[in-house]
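Next up, start-v8.tsv (TSV, C-alpha atoms):
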chain	number	residue	atom	x	y	z
A	1	MET	CA	6.33	26.35	-42.63
A	2	PRO	CA	5.03	27.32	-39.21
A	3	GLU	CA	7.54	26.82	-36.40
A	4	ILE	CA	6.82	23.73	-34.28
A	5	SER	CA	6.91	24.44	-30.55
A	6	PRO	CA	9.10	22.09	-28.51
A	7	PRO	CA	7.25	19.83	-26.05
A	8	PHE	CA	6.61	21.38	-22.66
A	9	LYS	CA	8.91	20.11	-19.91
A	10	PHE	CA	7.33	19.79	-16.49
A	11	SER	CA	10.73	19.06	-14.93
A	12	THR	CA	11.61	22.75	-14.97
A	13	GLN	CA	10.99	25.61	-12.57
A	14	ILE	CA	7.98	26.69	-14.61
A	15	GLY	CA	6.59	23.16	-14.79
A	16	SER	CA	7.14	22.51	-11.09
A	17	ARG	CA	5.47	25.78	-10.20
A	18	LEU	CA	2.46	24.92	-12.38
A	19	CYS	CA	2.04	21.49	-10.74
A	20	ARG	CA	2.29	22.97	-7.27
A	21	GLN	CA	-0.28	25.67	-8.06
A	22	ILE	CA	-2.73	23.11	-9.44
A	23	ALA	CA	-2.26	20.88	-6.38
A	24	ARG	CA	-2.83	23.79	-4.01
A	25	PHE	CA	-5.94	24.99	-5.84
A	26	ARG	CA	-7.57	21.61	-6.52
A	27	LEU	CA	-6.42	19.52	-3.57
A	28	GLY	CA	-5.96	22.15	-0.87
A	29	PHE	CA	-2.43	21.26	0.26
A	30	ASP	CA	1.14	22.13	-0.61
A	31	PRO	CA	3.00	18.98	-1.73
A	32	HIS	CA	6.52	18.07	-0.65
A	33	ASP	CA	9.26	19.04	-3.10
A	34	TYR	CA	10.16	15.40	-3.70
A	35	VAL	CA	6.56	14.63	-4.65
A	36	ILE	CA	6.50	17.49	-7.17
A	37	GLU	CA	9.83	16.23	-8.53
A	38	GLY	CA	8.41	12.77	-9.17
A	39	VAL	CA	5.13	14.03	-10.59
A	40	CYS	CA	6.95	16.27	-13.07
A	41	LYS	CA	9.15	13.40	-14.26
A	42	ALA	CA	6.06	11.22	-14.72
A	43	LEU	CA	4.25	13.97	-16.66
A	44	ASP	CA	7.31	14.19	-18.92
A	45	GLY	CA	6.85	10.50	-19.73
A	46	ASP	CA	9.50	8.94	-17.48
A	47	ALA	CA	8.83	5.83	-15.41
A	48	LEU	CA	9.00	6.61	-11.70
A	49	LEU	CA	10.24	4.56	-8.75
A	50	ALA	CA	9.53	6.39	-5.48
A	51	ILE	CA	11.05	4.88	-2.34
A	52	THR	CA	9.89	7.03	0.56
A	53	PRO	CA	8.94	6.25	4.18
A	54	THR	CA	5.50	5.13	5.27
A	55	GLY	CA	3.30	8.13	5.88
A	56	SER	CA	5.33	10.38	3.56
A	57	GLY	CA	2.58	10.88	1.00
A	58	LYS	CA	3.35	8.25	-1.66
A	59	THR	CA	-0.26	8.26	-2.85
A	60	SER	CA	0.18	11.96	-3.62
A	61	TYR	CA	2.36	11.06	-6.58
A	62	LEU	CA	-0.62	9.37	-8.23
A	63	ILE	CA	-3.26	11.87	-7.18
A	64	ILE	CA	-1.30	14.95	-8.28
A	65	TYR	CA	-0.20	13.27	-11.52
A	66	LEU	CA	-3.81	12.68	-12.57
A	67	THR	CA	-5.06	15.96	-11.12
A	68	VAL	CA	-2.59	18.00	-13.20
A	69	MET	CA	-3.63	16.11	-16.34
A	70	CYS	CA	-7.31	16.71	-15.70
A	71	ALA	CA	-6.71	20.41	-14.92
A	72	VAL	CA	-4.79	20.96	-18.16
A	73	LEU	CA	-7.43	19.12	-20.18
A	74	GLU	CA	-10.17	21.26	-18.66
A	75	ASP	CA	-8.20	24.50	-19.15
A	76	PRO	CA	-5.67	24.10	-22.02
A	77	ALA	CA	-4.50	27.67	-21.43
A	78	LEU	CA	-2.62	26.36	-18.38
A	79	CYS	CA	-0.23	24.52	-20.69
A	80	PRO	CA	-1.15	25.06	-24.38
A	81	VAL	CA	1.63	22.91	-25.93
A	82	THR	CA	0.92	19.77	-23.88
A	83	ALA	CA	-1.38	17.03	-25.17
A	84	PHE	CA	-2.81	14.47	-22.77
A	85	PRO	CA	-5.35	11.74	-23.66
A	86	GLN	CA	-8.93	12.77	-23.07
A	87	LYS	CA	-10.49	11.19	-19.96
A	88	PRO	CA	-7.16	9.79	-18.67
A	89	ALA	CA	-7.25	6.58	-16.65
A	90	MET	CA	-4.76	4.76	-14.43
A	91	ILE	CA	-4.53	1.07	-13.52
A	92	MET	CA	-3.24	0.57	-9.98
A	93	VAL	CA	-2.17	-2.84	-8.68
A	94	CYS	CA	-2.41	-3.24	-4.90
A	95	PRO	CA	-1.04	-6.25	-2.99
A	96	THR	CA	-3.95	-6.57	-0.55
A	97	LYS	CA	-7.68	-5.94	-0.47
A	98	ALA	CA	-7.21	-3.86	2.66
A	99	LEU	CA	-4.95	-1.50	0.76
A	100	GLU	CA	-7.51	-1.13	-2.03
A	101	VAL	CA	-10.18	-0.27	0.52
A	102	ASP	CA	-7.81	2.20	2.16
A	103	MET	CA	-6.88	3.86	-1.14
A	104	GLU	CA	-10.39	4.27	-2.55
A	105	PRO	CA	-11.57	7.19	-0.33
A	106	ARG	CA	-8.33	9.08	-0.98
A	107	PHE	CA	-9.01	9.19	-4.70
A	108	VAL	CA	-12.66	10.04	-4.06
A	109	LYS	CA	-11.61	12.98	-1.87
A	110	ALA	CA	-9.37	14.23	-4.70
A	111	GLY	CA	-12.26	14.10	-7.18
A	112	LEU	CA	-10.80	11.14	-9.10
A	113	SER	CA	-13.43	8.42	-9.51
A	114	PRO	CA	-11.96	5.05	-8.44
A	115	LEU	CA	-13.22	1.51	-9.00
A	116	VAL	CA	-12.06	-1.40	-6.83
A	117	ILE	CA	-11.97	-4.79	-8.54
A	118	ASN	CA	-11.11	-7.88	-6.53
A	119	SER	CA	-12.79	-11.21	-5.84
A	120	ASP	CA	-15.05	-9.67	-3.17
A	121	THR	CA	-16.26	-6.70	-5.23
A	122	VAL	CA	-16.76	-8.81	-8.37
A	123	ASP	CA	-18.85	-11.32	-6.45
A	124	ARG	CA	-20.82	-8.60	-4.68
A	125	ALA	CA	-21.57	-6.82	-7.97
A	126	ARG	CA	-22.78	-10.01	-9.63
A	127	ARG	CA	-25.07	-10.78	-6.69
A	128	SER	CA	-26.59	-7.30	-6.65
A	129	SER	CA	-30.12	-6.76	-7.97
A	130	GLN	CA	-28.73	-5.12	-11.15
A	131	SER	CA	-26.00	-7.79	-11.60
A	132	VAL	CA	-23.32	-5.24	-12.47
A	133	ASP	CA	-20.33	-6.23	-14.62
A	134	LEU	CA	-17.43	-4.36	-13.03
A	135	TRP	CA	-15.19	-4.82	-16.07
A	136	SER	CA	-17.71	-3.05	-18.27
A	137	ARG	CA	-17.95	-0.37	-15.62
A	138	ALA	CA	-14.15	-0.04	-15.63
A	139	ALA	CA	-14.19	1.04	-19.28
A	140	SER	CA	-16.52	3.93	-18.51
A	141	PRO	CA	-14.99	7.34	-19.36
A	142	ASP	CA	-15.76	8.69	-15.89
A	143	ILE	CA	-13.50	6.15	-14.12
A	144	ARG	CA	-10.05	7.61	-13.42
A	145	VAL	CA	-8.43	4.90	-11.29
A	146	ILE	CA	-8.96	1.13	-11.35
A	147	LEU	CA	-7.66	-0.53	-8.18
A	148	LEU	CA	-6.86	-4.18	-8.87
A	149	ALA	CA	-5.58	-7.18	-6.98
A	150	PRO	CA	-2.75	-8.95	-8.88
A	151	GLU	CA	-4.93	-12.02	-9.34
A	152	GLN	CA	-7.33	-9.98	-11.49
A	153	LEU	CA	-4.63	-9.42	-14.13
A	154	LYS	CA	-5.07	-12.96	-15.46
A	155	THR	CA	-8.88	-12.97	-15.62
A	156	LYS	CA	-11.03	-12.91	-18.74
A	157	GLY	CA	-12.52	-9.64	-17.57
A	158	TYR	CA	-9.13	-7.93	-17.54
A	159	ALA	CA	-8.26	-9.43	-20.93
A	160	SER	CA	-11.47	-8.04	-22.42
A	161	LEU	CA	-10.71	-4.62	-20.93
A	162	MET	CA	-7.30	-4.63	-22.60
A	163	GLU	CA	-8.96	-5.40	-25.94
A	164	ASN	CA	-11.10	-2.28	-25.63
A	165	GLU	CA	-9.29	0.16	-27.93
A	166	SER	CA	-10.99	3.28	-26.60
A	167	PHE	CA	-10.01	2.35	-23.05
A	168	GLN	CA	-6.44	1.51	-24.07
A	169	ALA	CA	-6.15	4.97	-25.60
A	170	ARG	CA	-7.04	6.53	-22.23
A	171	ILE	CA	-4.53	4.60	-20.07
A	172	VAL	CA	-1.73	6.91	-19.02
A	173	ALA	CA	-0.04	4.89	-16.26
A	174	LEU	CA	0.29	1.53	-14.55
A	175	ALA	CA	0.84	2.12	-10.83
A	176	VAL	CA	2.28	-0.60	-8.58
A	177	ASP	CA	1.96	0.02	-4.87
A	178	GLU	CA	4.32	-1.66	-2.40
A	179	ALA	CA	6.55	-2.54	-5.34
A	180	HIS	CA	9.12	-4.30	-3.15
A	181	LEU	CA	6.65	-7.18	-2.89
A	182	VAL	CA	6.87	-7.94	-6.62
A	183	ASP	CA	9.87	-10.13	-5.89
A	184	ALA	CA	9.26	-11.03	-2.25
A	185	TRP	CA	5.66	-12.25	-2.67
A	186	GLY	CA	5.81	-13.44	-6.26
A	187	ASN	CA	7.18	-16.91	-5.56
A	188	PRO	CA	5.15	-19.95	-6.74
A	189	SER	CA	4.33	-21.04	-3.18
A	190	PHE	CA	2.73	-17.77	-2.09
A	191	ARG	CA	1.40	-15.16	-4.55
A	192	PRO	CA	2.50	-16.19	-8.07
A	193	ALA	CA	-0.04	-13.71	-9.46
A	194	PHE	CA	2.47	-10.96	-8.65
A	195	LYS	CA	4.44	-12.14	-11.66
A	196	GLN	CA	1.45	-11.12	-13.80
A	197	ILE	CA	2.36	-7.46	-13.24
A	198	GLY	CA	5.22	-7.70	-15.74
A	199	LEU	CA	2.93	-9.26	-18.33
A	200	ALA	CA	0.30	-6.60	-17.67
A	201	ARG	CA	2.87	-3.90	-18.40
A	202	ALA	CA	3.75	-5.56	-21.71
A	203	ARG	CA	0.11	-5.40	-22.85
A	204	LEU	CA	-0.09	-1.63	-22.49
A	205	ALA	CA	0.87	0.95	-25.10
A	206	ALA	CA	4.53	2.01	-25.16
A	207	ARG	CA	3.58	5.58	-24.12
A	208	THR	CA	2.04	4.27	-20.86
A	209	ILE	CA	4.40	4.95	-17.97
A	210	THR	CA	4.94	2.88	-14.83
A	211	ILE	CA	4.82	4.45	-11.37
A	212	ALA	CA	6.13	2.14	-8.66
A	213	LEU	CA	5.81	3.09	-4.98
A	214	THR	CA	7.29	1.54	-1.86
A	215	GLY	CA	8.52	2.46	1.58
A	216	THR	CA	11.15	-0.28	1.85
A	217	LEU	CA	13.33	-1.32	-1.05
A	218	ARG	CA	17.01	-1.86	-0.38
A	219	ALA	CA	19.58	-0.43	-2.76
A	220	GLY	CA	21.53	-2.78	-5.00
A	221	ALA	CA	20.13	-6.12	-6.15
A	222	PRO	CA	16.57	-5.73	-4.73
A	223	THR	CA	16.10	-2.37	-6.49
A	224	LEU	CA	17.61	-3.71	-9.73
A	225	THR	CA	15.25	-6.69	-9.62
A	226	VAL	CA	12.17	-4.50	-9.30
A	227	ARG	CA	13.33	-2.06	-11.99
A	228	THR	CA	14.10	-4.88	-14.41
A	229	PHE	CA	10.84	-6.70	-13.74
A	230	LEU	CA	8.79	-3.55	-14.33
A	231	GLY	CA	10.69	-2.69	-17.51
A	232	PHE	CA	12.43	0.47	-16.31
A	233	GLN	CA	14.93	1.79	-18.86
A	234	ASN	CA	17.97	3.92	-18.14
A	235	GLY	CA	17.42	7.39	-19.52
A	236	ARG	CA	13.62	7.03	-19.44
A	237	SER	CA	13.12	6.46	-15.72
A	238	HIS	CA	13.62	8.35	-12.49
A	239	THR	CA	14.22	7.10	-8.95
A	240	ILE	CA	13.53	9.00	-5.74
A	241	ARG	CA	15.01	7.43	-2.61
A	242	ARG	CA	14.48	8.90	0.84
A	243	SER	CA	15.58	7.47	4.17
A	244	ASN	CA	12.98	5.38	5.97
A	245	MET	CA	14.62	5.70	9.38
A	246	ARG	CA	11.98	6.27	12.05
A	247	TYR	CA	13.58	8.25	14.87
A	248	ASP	CA	10.13	8.70	16.42
A	249	ILE	CA	9.86	4.96	17.18
A	250	ALA	CA	11.91	2.95	19.67
A	251	ILE	CA	12.73	-0.52	18.32
A	252	ILE	CA	12.90	-3.10	21.11
A	253	PHE	CA	13.90	-6.76	20.87
A	254	ARG	CA	12.47	-9.36	23.22
A	255	THR	CA	12.56	-13.15	23.41
A	256	VAL	CA	9.61	-15.47	22.79
A	257	THR	CA	9.07	-17.68	25.83
A	258	SER	CA	6.09	-19.72	24.58
A	259	GLY	CA	6.52	-22.74	22.35
A	260	ALA	CA	5.67	-22.75	18.64
A	261	ARG	CA	2.49	-24.79	19.32
A	262	SER	CA	1.60	-23.12	22.58
A	263	VAL	CA	-1.90	-21.88	23.38
A	264	THR	CA	-0.73	-19.56	26.16
A	265	PHE	CA	1.37	-16.45	25.60
A	266	PRO	CA	2.15	-14.83	28.98
A	267	GLU	CA	4.90	-12.69	27.40
A	268	LEU	CA	2.06	-10.77	25.69
A	269	ASP	CA	0.00	-10.11	28.82
A	270	TRP	CA	1.28	-6.54	28.88
A	271	VAL	CA	-0.77	-5.62	25.76
A	272	LEU	CA	-3.94	-5.75	27.89
A	273	GLU	CA	-2.54	-3.29	30.40
A	274	GLY	CA	-2.64	0.48	30.15
A	275	GLU	CA	-4.22	2.53	27.40
A	276	ARG	CA	-2.08	1.58	24.38
A	277	ARG	CA	-3.32	0.98	20.85
A	278	ILE	CA	-1.43	-2.06	19.58
A	279	ILE	CA	-1.10	-4.14	16.41
A	280	ILE	CA	0.38	-7.64	16.80
A	281	PHE	CA	1.67	-9.24	13.60
A	282	CYS	CA	1.81	-13.04	13.47
A	283	ARG	CA	3.31	-15.00	10.58
A	284	THR	CA	0.32	-17.33	10.17
A	285	ILE	CA	-3.43	-17.16	10.70
A	286	ALA	CA	-3.21	-20.17	13.04
A	287	VAL	CA	-0.74	-18.49	15.40
A	288	GLY	CA	-2.74	-15.26	15.26
A	289	PHE	CA	-5.92	-17.10	16.21
A	290	ARG	CA	-4.24	-18.78	19.19
A	291	VAL	CA	-2.88	-15.44	20.37
A	292	ALA	CA	-6.30	-13.81	20.00
A	293	LEU	CA	-8.03	-16.66	21.85
A	294	TYR	CA	-5.54	-16.37	24.71
A	295	LEU	CA	-6.07	-12.60	24.98
A	296	TRP	CA	-9.86	-12.98	24.74
A	297	GLN	CA	-9.76	-15.37	27.70
A	298	ARG	CA	-7.52	-13.02	29.69
A	299	ALA	CA	-9.93	-10.15	29.00
A	300	ALA	CA	-13.10	-12.11	29.77
A	301	ASP	CA	-14.46	-9.33	31.99
A	302	TRP	CA	-14.14	-6.59	29.37
A	303	PRO	CA	-17.67	-5.49	28.39
A	304	ASP	CA	-16.46	-4.33	24.94
A	305	ARG	CA	-13.98	-7.14	24.35
A	306	ASP	CA	-15.19	-7.84	20.79
A	307	GLN	CA	-14.37	-4.25	19.82
A	308	ARG	CA	-11.06	-3.94	21.65
A	309	ILE	CA	-9.51	-7.28	20.64
A	310	ARG	CA	-9.83	-7.96	16.92
A	311	LEU	CA	-8.45	-10.36	14.33
A	312	TYR	CA	-7.48	-9.19	10.86
A	313	ASN	CA	-6.69	-11.81	8.22
A	314	SER	CA	-7.80	-13.08	4.81
A	315	LEU	CA	-10.18	-15.69	6.27
A	316	ASN	CA	-12.40	-13.07	7.88
A	317	ALA	CA	-15.46	-11.73	6.13
A	318	ALA	CA	-14.71	-8.55	4.19
A	319	SER	CA	-17.26	-6.66	6.31
A	320	TYR	CA	-15.48	-7.70	9.54
A	321	ASN	CA	-12.08	-6.61	8.21
A	322	CYS	CA	-13.51	-3.29	7.05
A	323	ALA	CA	-14.98	-2.71	10.49
A	324	THR	CA	-11.59	-3.50	12.02
A	325	LEU	CA	-9.92	-0.95	9.74
A	326	GLY	CA	-12.47	1.61	10.89
A	327	LEU	CA	-11.64	0.89	14.53
A	328	LEU	CA	-7.93	1.25	13.78
A	329	ARG	CA	-8.57	4.83	12.69
A	330	ASP	CA	-10.79	5.93	15.56
A	331	ASP	CA	-9.69	7.55	18.81
A	332	SER	CA	-10.55	4.70	21.15
A	333	PRO	CA	-8.24	4.71	24.19
A	334	ALA	CA	-7.06	1.09	23.95
A	335	ARG	CA	-7.28	-1.78	21.51
A	336	VAL	CA	-5.34	-4.81	20.30
A	337	THR	CA	-5.46	-5.99	16.68
A	338	ILE	CA	-3.91	-9.36	15.84
A	339	ALA	CA	-3.05	-9.43	12.14
A	340	THR	CA	-1.17	-11.23	9.41
A	341	ASP	CA	0.79	-9.66	6.56
A	342	ALA	CA	-2.57	-8.69	5.01
A	343	LEU	CA	-2.36	-5.59	7.25
A	344	ALA	CA	1.37	-5.05	6.88
A	345	VAL	CA	1.50	-2.80	3.83
A	346	GLY	CA	0.09	0.61	3.05
A	347	ILE	CA	-2.70	0.69	5.64
A	348	ASP	CA	-3.27	4.01	7.35
A	349	ALA	CA	-3.62	3.42	11.10
A	350	PRO	CA	-2.46	6.79	12.45
A	351	ASN	CA	-3.54	6.24	16.05
A	352	THR	CA	-1.38	3.15	16.62
A	353	ASP	CA	1.03	3.39	19.58
A	354	ASP	CA	2.90	0.07	19.40
A	355	VAL	CA	3.52	-2.54	16.72
A	356	VAL	CA	4.53	-6.05	17.80
A	357	LEU	CA	6.17	-8.62	15.52
A	358	TYR	CA	5.55	-11.95	17.23
A	359	ASP	CA	7.17	-14.97	15.66
A	360	HIS	CA	9.10	-18.14	16.38
A	361	GLU	CA	11.36	-17.48	13.41
A	362	LEU	CA	13.71	-14.67	12.51
A	363	PRO	CA	12.25	-11.89	10.31
A	364	ASN	CA	13.08	-12.42	6.63
A	365	ASN	CA	14.92	-9.10	6.44
A	366	THR	CA	15.02	-5.61	7.90
A	367	ASP	CA	12.48	-4.45	5.32
A	368	THR	CA	9.91	-6.65	7.06
A	369	ILE	CA	10.49	-4.88	10.36
A	370	LEU	CA	10.43	-1.38	8.88
A	371	GLN	CA	7.33	-2.07	6.83
A	372	LYS	CA	5.31	-3.32	9.78
A	373	ILE	CA	6.36	-0.74	12.35
A	374	GLY	CA	5.52	1.82	9.67
A	375	ARG	CA	1.85	1.33	10.61
A	376	ILE	CA	2.73	3.87	13.33
A	377	ARG	CA	2.31	7.05	11.34
A	378	ASP	CA	3.73	9.47	13.90
A	379	GLY	CA	5.28	8.29	17.13
A	380	THR	CA	6.30	11.75	18.32
A	381	GLY	CA	5.41	12.41	21.94
A	382	LYS	CA	3.65	9.11	22.65
A	383	GLY	CA	6.55	6.76	23.29
A	384	ALA	CA	5.81	4.69	20.18
A	385	ARG	CA	7.52	1.30	20.03
A	386	GLY	CA	8.24	-1.40	17.51
A	387	ILE	CA	8.65	-4.57	19.58
A	388	VAL	CA	10.23	-7.53	17.80
A	389	TYR	CA	9.95	-10.92	19.50
A	390	LEU	CA	12.77	-13.24	18.50
A	391	PRO	CA	12.94	-17.03	18.99
A	392	ARG	CA	14.99	-18.35	21.88
A	393	ASN	CA	17.54	-19.75	19.45
A	394	ALA	CA	17.78	-16.49	17.50
A	395	GLU	CA	21.55	-16.30	17.82
A	396	GLN	CA	21.99	-19.83	16.45
A	397	GLN	CA	19.60	-19.12	13.56
A	398	ALA	CA	21.42	-15.90	12.75
A	399	ARG	CA	24.79	-17.64	12.70
A	400	LYS	CA	23.48	-20.06	10.06
A	401	LEU	CA	22.62	-17.12	7.80
A	402	VAL	CA	26.05	-15.46	7.92

Can you turn what I pasted into structure tokens?
Amino acid sequence: MPEISPPFKFSTQIGSRLCRQIARFRLGFDPHDYVIEGVCKALDGDALLAITPTGSGKTSYLIIYLTVMCAVLEDPALCPVTAFPQKPAMIMVCPTKALEVDMEPRFVKAGLSPLVINSDTVDRARRSSQSVDLWSRAASPDIRVILLAPEQLKTKGYASLMENESFQARIVALAVDEAHLVDAWGNPSFRPAFKQIGLARARLAARTITIALTGTLRAGAPTLTVRTFLGFQNGRSHTIRRSNMRYDIAIIFRTVTSGARSVTFPELDWVLEGERRIIIFCRTIAVGFRVALYLWQRAADWPDRDQRIRLYNSLNAASYNCATLGLLRDDSPARVTIATDALAVGIDAPNTDDVVLYDHELPNNTDTILQKIGRIRDGTGKGARGIVYLPRNAEQQARKLV
């Protein structure tokens, strides 16, 4: 009998070198060692949990993973003993529409055709002159990445996609971005659809791996909860944990002086001074609107006020939020964006100087602070600050928690 070659292991020096060479040639950059480590484990069939700081290239895990597969399929001589499904596809669950919009061009740039499916894109496709069915489009062999909101996992369209045997055969991974939110946002009073992610994993073939990404997931019980929920098994999973300390950002604590129902916020007057680019996070849309209205009135003589003071929340039109994201990325000298948690995860706003957490309650945990100030991609040399406003009775509230 002919000798059967053992399966190729990417988690070796040879495998790592191959992945790095493909990334350099196809994507034009040299990945971090920890990214190559995770990609190789995923290519070997292990589930991956990558906990790395904001701005550290978490999306690269997904892009390089698919890019290596596609390269080997196009040129089997690169790795003759490895067999990947033809036309591989990945399902990626994103917690916010803003993150889906932010992710889409990254996959396009890498040559991996993405498709965004959420309530906005489904409605827009149905209203178009051709009345496109996005779920039918998702099954197309040329689609490499399907970016979904959690709520889409319980729709009839998703169910029909899972019943498509040819599509099921192409699925190589379920990716979950901002995986720490699976537990934090999945409660019945907020985003119960997050609990659908576990059910979605159960409907996929056993060979399909899970890749979970986050910048803030504490060790111990929080990590165990996420691993258990996503079905990670000891011996068939790999965790990469890197420190998310941001030494380039000064964290400052201040006290809220306005009341919870106030319509004036003099402690925030400073955001209109100087040439800083600032994001203010408010817990609710109502508080954010009152803050924005106050700042609009204070900046009544600004000729470009509507461009320099913006609201970002789920009640805005998708086109307005997209325009705001565009402004967050430009090089304008000064701007203030008042946002809710819809902007708190995964959004690339590299030109931000300061992030403000303005609330009349204590932050839920330190992860909340780190996640939001992580919108500052690189604070080196610009005096970047994360400014946390605490309620006047912060000490009393804290004592109740300990």

Within 10 Å of stretch 4-18 of chain A, counting all atoms listed in the file, which residues show up once you throw out same-chain ones fewer than 6 positions away? Write them as a list of chain:residue names, please. A:Arg24, A:Asp33, A:Ile36, A:Glu37, A:Gly38, A:Val39, A:Cys40, A:Lys41, A:Ala42, A:Leu43, A:Asp44, A:Gly45, A:Val68, A:Leu78, A:Cys79, A:Pro80, A:Val81, A:Thr82, A:Ala83

Compile the contact shell of stretch 88-99 of chain A as a PyMOL selection string: residues with an atom at most 8 Å away, counting all atoms listed in the file, same-chain residues fewer than 5 positions apart removed. chain A and resi 66+69-70+118+143-150+170-178+181+197+321-322+342-343+345-347

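For stretch 381-383 of chain A, the residues within 9 Å (counting only C-alpha atoms, excluding itself and residues fewer than 5 positions away along the chain) are Asp248, Ile249, Ala250, Asp353 and Asp354 of chain A.
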
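What separates atom CA of A:Pro350 from atom CA of A:Ala110 is a distance of 19.9 Å.
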
May I have the protein, DNA and RNA residues with any atom at most 12 Å from the point (-1.5, -3.0, -23.5), counting all atoms listed in the file, written as number ranges by chain? A: 91, 153, 158-174, 197-209

So that I can see what lies close to A:Asp367, please list as an MDAnalysis selection string the residues with an atom at most 10 Å from it, counting only C-alpha atoms and leaving out residues fewer than 6 positions away in the same chain. chainID A and resid 180 215:218 244

Please, what distance in Å, to one decimal, runs between atom CA of A:Asn313 and atom CA of A:Tyr389? 20.1 Å

Under the rule that only C-alpha atoms are counted, which of A:Thr255, A:Ser243, A:Asn316, A:Ser262 is the nearest residue to A:Tyr294?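 Using only C-alpha atoms, the shortest distance to A:Tyr294 belongs to A:Ser262.
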
Provide the atom CA of A:Leu370 to atom CA of A:Ala292 distance in Å, to one decimal place.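 The value is 23.6 Å.
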
Taking 4 positions as the minimum chain separation for residues in the same chain, which residues sit within 6 Å of A:Thr337 when counting all atoms listed in the file? Answer as an NGL selection string. :A and (279 or 309-311)
